[in-house]
Amino acid sequence: MKLAPITFLLTLTLSPFIQATPAVEELFTQYRQKGIQEFSADLGKNLYFQEFKLAGTGEIRQCADCHTPDLRAQGQHAETGKIIEPLAPSINRQRLLDIKEINKWLKRNCKWTLGRECTAQEKGNLLTFIQTQ
Amino acid sequence: MISPVRIWDLPTRFFHWLLVTHFTLAWLTAGDSRYLDFHVFFGYGFLGLLLFRLLWGVIGSHYARFSSFCYSYSAVIKFLTTPSSFSNLGHTPAGSWAIWALLFLGFLVSGSGLLTLGALNQLGPLEGYFNFAQGDLFHWVHTSTAWSLLGLVILHLSGVILASRIHRESLIWAMITGFKNTTCLNEQSVPQHPLIAYSLLLFILISAGGYFQGRLFQNPNYQPFPSPPLPQLSLWQSECEDCHLAYHPTLLPQRSWQQIFAEQHNHFEEDLSLDEDTLQQLKQFAFQYPAESNLTKTAWKTHSTLSSSQIPLRITQTPYWREQHQTIAWKQDSNFPAKLDCVACHQDAESGRFTAAAMRLPTATDFPPSR
C-alpha cells in the first residue's frame, strides 16, 4: 500500500498527457466541426458531479449514481442494481474504444441524468474528464 | 392365559413406518419449488415402497398377505355393527378396507406425481410424452388425491385409536414391536425375515446417498435437474445485459414484447435508442420464442395464467411471477437482492429456464452489509 500515494502523484502529473483513444479523437474532431473550440476536464468533472432535479418526481440524479464518485471503482446501476465495471480507462482498458458505444451511452445516460441529451460541448468536456481517470 | 405373539414381521413394520416417513417428508417438501428434488425423491420412495408391499402381500408372512385381510363388504358391515363377533389377530375388516384404499390412493398420488413431473416440469422418466396443459391436469389430480390420502390417513388413525381403546391394547405399539396379545394358545408367531427388512432399508439409504450426493458434496451452484439450454441470440444479450439481466423472451408473451419495443425510447425512463436493423433482429428473436412458444414450464405458466387483455410490461407483474414470489420477504433498504436480480436466487437465470430446485433464498452471509 506504500505505493498508493506514488501512483496517485504519478497519475496526477501524467494526467494532462494522457492520450485520447482514436475513438475519442474522432469524436473531438466531430465536435470541433460543430464549432466547439476547447474541451475542459474541469467543466466535465463539474457536470459529472452536478445534481439534476427530475422534472416530475423531484428525484435528484447525477452520473455518479451509477458510476460512483470514484470512476476507478466498480459502479452499480441505480435502478436495476446491475454491477457496472469501472468507467476509468486507466483501470478498465475496454473503455472509450468504440464510437458507437460511447455515443449510445452518452445519449442514454445524459437523457436519464439531465433529462435531455448533452450538447457537443458537454460531451467533449465529459470525455476529456473521463479519459484522465 | 394371555401371551404375546408376533403377527407383524419386520419387513411389514419397516414398510409401514418408512411409508409414513416418506409421506410426511413428501408433504413437507411439496409446493416449494426449491425442494422439488427432495419431494421427487420421497415420491419415488413412496411408489417403490408400495410396489414392495404388493410383492410382500403375496410372498410375505401370514398376516402380511393380502389373502389374510380380504374381506367382503358385508363382512365390514357385520364388523361395524357387532365388533365383538370378530376375533382375528390381523387387520379387522374395516381396517383392511382402509388399507386397500390407502394402497389404491397411494398409487394414484405417486402415479399422478410422476405424470406431473414429466408433463409440467418436463423432467423424469415421462419427460416429453405430454404437454403442459395435460401437466396442469395431472397436477390437479396429484394435489387432490394427496389431500384425499391425508384424509384417509386421519380416518385410518382414528380407527386405530378407537380399536386400541376398545381392545385395551395399543395397535400403534403393535406395529412397532410386532406383537399382539392373545388368549388363543395355538397362535404361532410369524417369522421375522430380518434380512429382507434390512435390505429394504439399506436400499433406500444407498439410493438417497446417490441421489443427494450433489446436494451434499458439490458446490452451492449444484442444480439437481440440469436442463438443455434455451435458444439464445448474442445480440439480445449484448443489447440488454448492460443494465440488467438479459431476460429471456420466454418470460413475457409476444404482445408484451411488441409493446416494449414500440416504447423503446422510453424504456422505464431509459432510451434504448436501438437502430432499425438491431430492433428488427431483436423483435424477430422475441417473436420466435415468446412465452407462447411453451419452451419451459415458466413460459407456459406465464402466458396461461394471464388474461388475454393484459399486456404486462414487467415480468415481475405477471400473475405467475407474483404468485411464485409472494412468500419472499423483500427488503427494500438492505442488501437483499432486488426483485430484478434474478441471478441472485436462480442459478440458471441467465439461461432463461428457471428450473425448479435451481433456486435458493440468499442467506445473510451472501450479502454482507458492506456492499
# chains A, B, ... in the order shown; residues from 1 in each chain; ligands from 1
$ residues_around --residues "range 253-259 of chain B" --least-positions-apart "2" --cutoff "6 Å" --atoms "only C-alpha atoms" --output "list in words"
Phe261, Ala262, Phe287, Pro290, Ala291, Ile311, Pro312 and Leu313 of chain B
$ write_last_selection --atoms "C-alpha atoms" --output "short mmCIF file (atom, residue, chain, number, x, y, z; two decimals), in the first residue's frame"
data_model
loop_
_atom_site.label_atom_id
_atom_site.label_comp_id
_atom_site.auth_asym_id
_atom_site.auth_seq_id
_atom_site.Cartn_x
_atom_site.Cartn_y
_atom_site.Cartn_z
CA PHE B 261 -40.07 -2.47 -28.42
CA ALA B 262 -42.65 0.07 -29.55
CA PHE B 287 -41.45 -13.13 -31.56
CA PRO B 290 -42.14 -15.60 -26.54
CA ALA B 291 -43.91 -17.24 -23.59
CA ILE B 311 -50.18 -6.67 -21.58
CA PRO B 312 -47.66 -6.80 -18.74
CA LEU B 313 -44.53 -4.74 -19.39
#
$ residues_around --residues "Lys297 in chain B" --least-positions-apart "4" --cutoff "7 Å" --atoms "only C-alpha atoms" --output "PyMOL selection string"
chain B and resi 120-121+301
$ write_last_selection --atoms "N, CA, C and O atoms" --output "PDB file, in the first residue's frame"
ATOM      1  N   LEU B 120     -45.423 -31.299 -16.640  1.00  0.00           N
ATOM      2  CA  LEU B 120     -45.362 -29.886 -16.278  1.00  0.00           C
ATOM      3  C   LEU B 120     -43.920 -29.416 -16.134  1.00  0.00           C
ATOM      4  O   LEU B 120     -43.572 -28.305 -16.533  1.00  0.00           O
ATOM      5  N   ASN B 121     -43.068 -30.259 -15.550  1.00  0.00           N
ATOM      6  CA  ASN B 121     -41.684 -29.850 -15.364  1.00  0.00           C
ATOM      7  C   ASN B 121     -40.776 -30.380 -16.468  1.00  0.00           C
ATOM      8  O   ASN B 121     -39.616 -30.016 -16.530  1.00  0.00           O
ATOM      9  N   LYS B 301     -46.645 -21.313 -17.899  1.00  0.00           N
ATOM     10  CA  LYS B 301     -47.373 -20.757 -16.763  1.00  0.00           C
ATOM     11  C   LYS B 301     -47.555 -19.261 -16.918  1.00  0.00           C
ATOM     12  O   LYS B 301     -48.608 -18.712 -16.598  1.00  0.00           O
TER      13      LYS B 301
END
$ select_by_dssp --residues "range 11-132 of chain A" --states "strand (DSSP E or B)" --output "list in words"
Phe52, Lys53, Ile60, Arg61, Gly75, Gln76, Ile83 and Ile84 of chain A
$ closest_residue --among "A:Ile91, A:Ala78, A:Ala120, A:Ile130" --to "chain B" --atoms "only C-alpha atoms"
A:Ala78
$ select_by_dssp --residues "range 27-234 of chain B" --states "alpha helix (DSSP H)" --output "MDAnalysis selection string"
chainID B and resid 27:28 36:59 73:81 93:119 132:167 171:177 194:217 234
$ residues_around --residues "Gly124 in chain B" --least-positions-apart "5" --cutoff "8 Å" --atoms "only C-alpha atoms" --output "PyMOL selection string"
chain B and resi 114+117-118
$ interface_residues --of "chain A" --to "chain B" --cutoff "7 Å" --atoms "only C-alpha atoms" --output "PDB file with N, CA and C atoms, in the first residue's frame"
ATOM      1  N   HIS A  77     -25.799  -0.060 -11.294  1.00  0.00           N
ATOM      2  CA  HIS A  77     -26.921   0.637 -11.921  1.00  0.00           C
ATOM      3  C   HIS A  77     -27.935   1.070 -10.864  1.00  0.00           C
ATOM      4  N   THR A  80     -31.490  -0.838 -11.468  1.00  0.00           N
ATOM      5  CA  THR A  80     -31.587  -2.298 -11.515  1.00  0.00           C
ATOM      6  C   THR A  80     -30.591  -3.001 -10.601  1.00  0.00           C
ATOM      7  N   LYS A  82     -27.565  -3.692 -11.246  1.00  0.00           N
ATOM      8  CA  LYS A  82     -26.571  -4.460 -12.009  1.00  0.00           C
ATOM      9  C   LYS A  82     -25.180  -3.812 -11.851  1.00  0.00           C
ATOM     10  N   ARG A 108     -28.003   7.880 -23.879  1.00  0.00           N
ATOM     11  CA  ARG A 108     -28.857   7.292 -22.847  1.00  0.00           C
ATOM     12  C   ARG A 108     -28.651   7.948 -21.492  1.00  0.00           C
ATOM     13  N   TRP A 112     -31.086  10.253 -19.113  1.00  0.00           N
ATOM     14  CA  TRP A 112     -31.530   9.750 -17.807  1.00  0.00           C
ATOM     15  C   TRP A 112     -31.154  10.728 -16.693  1.00  0.00           C
TER      16      TRP A 112
END
$ atom_distance --atom1 "CA of Leu55 in chain B" --atom2 "CA of Gly95 in chain B"
20.0 Å
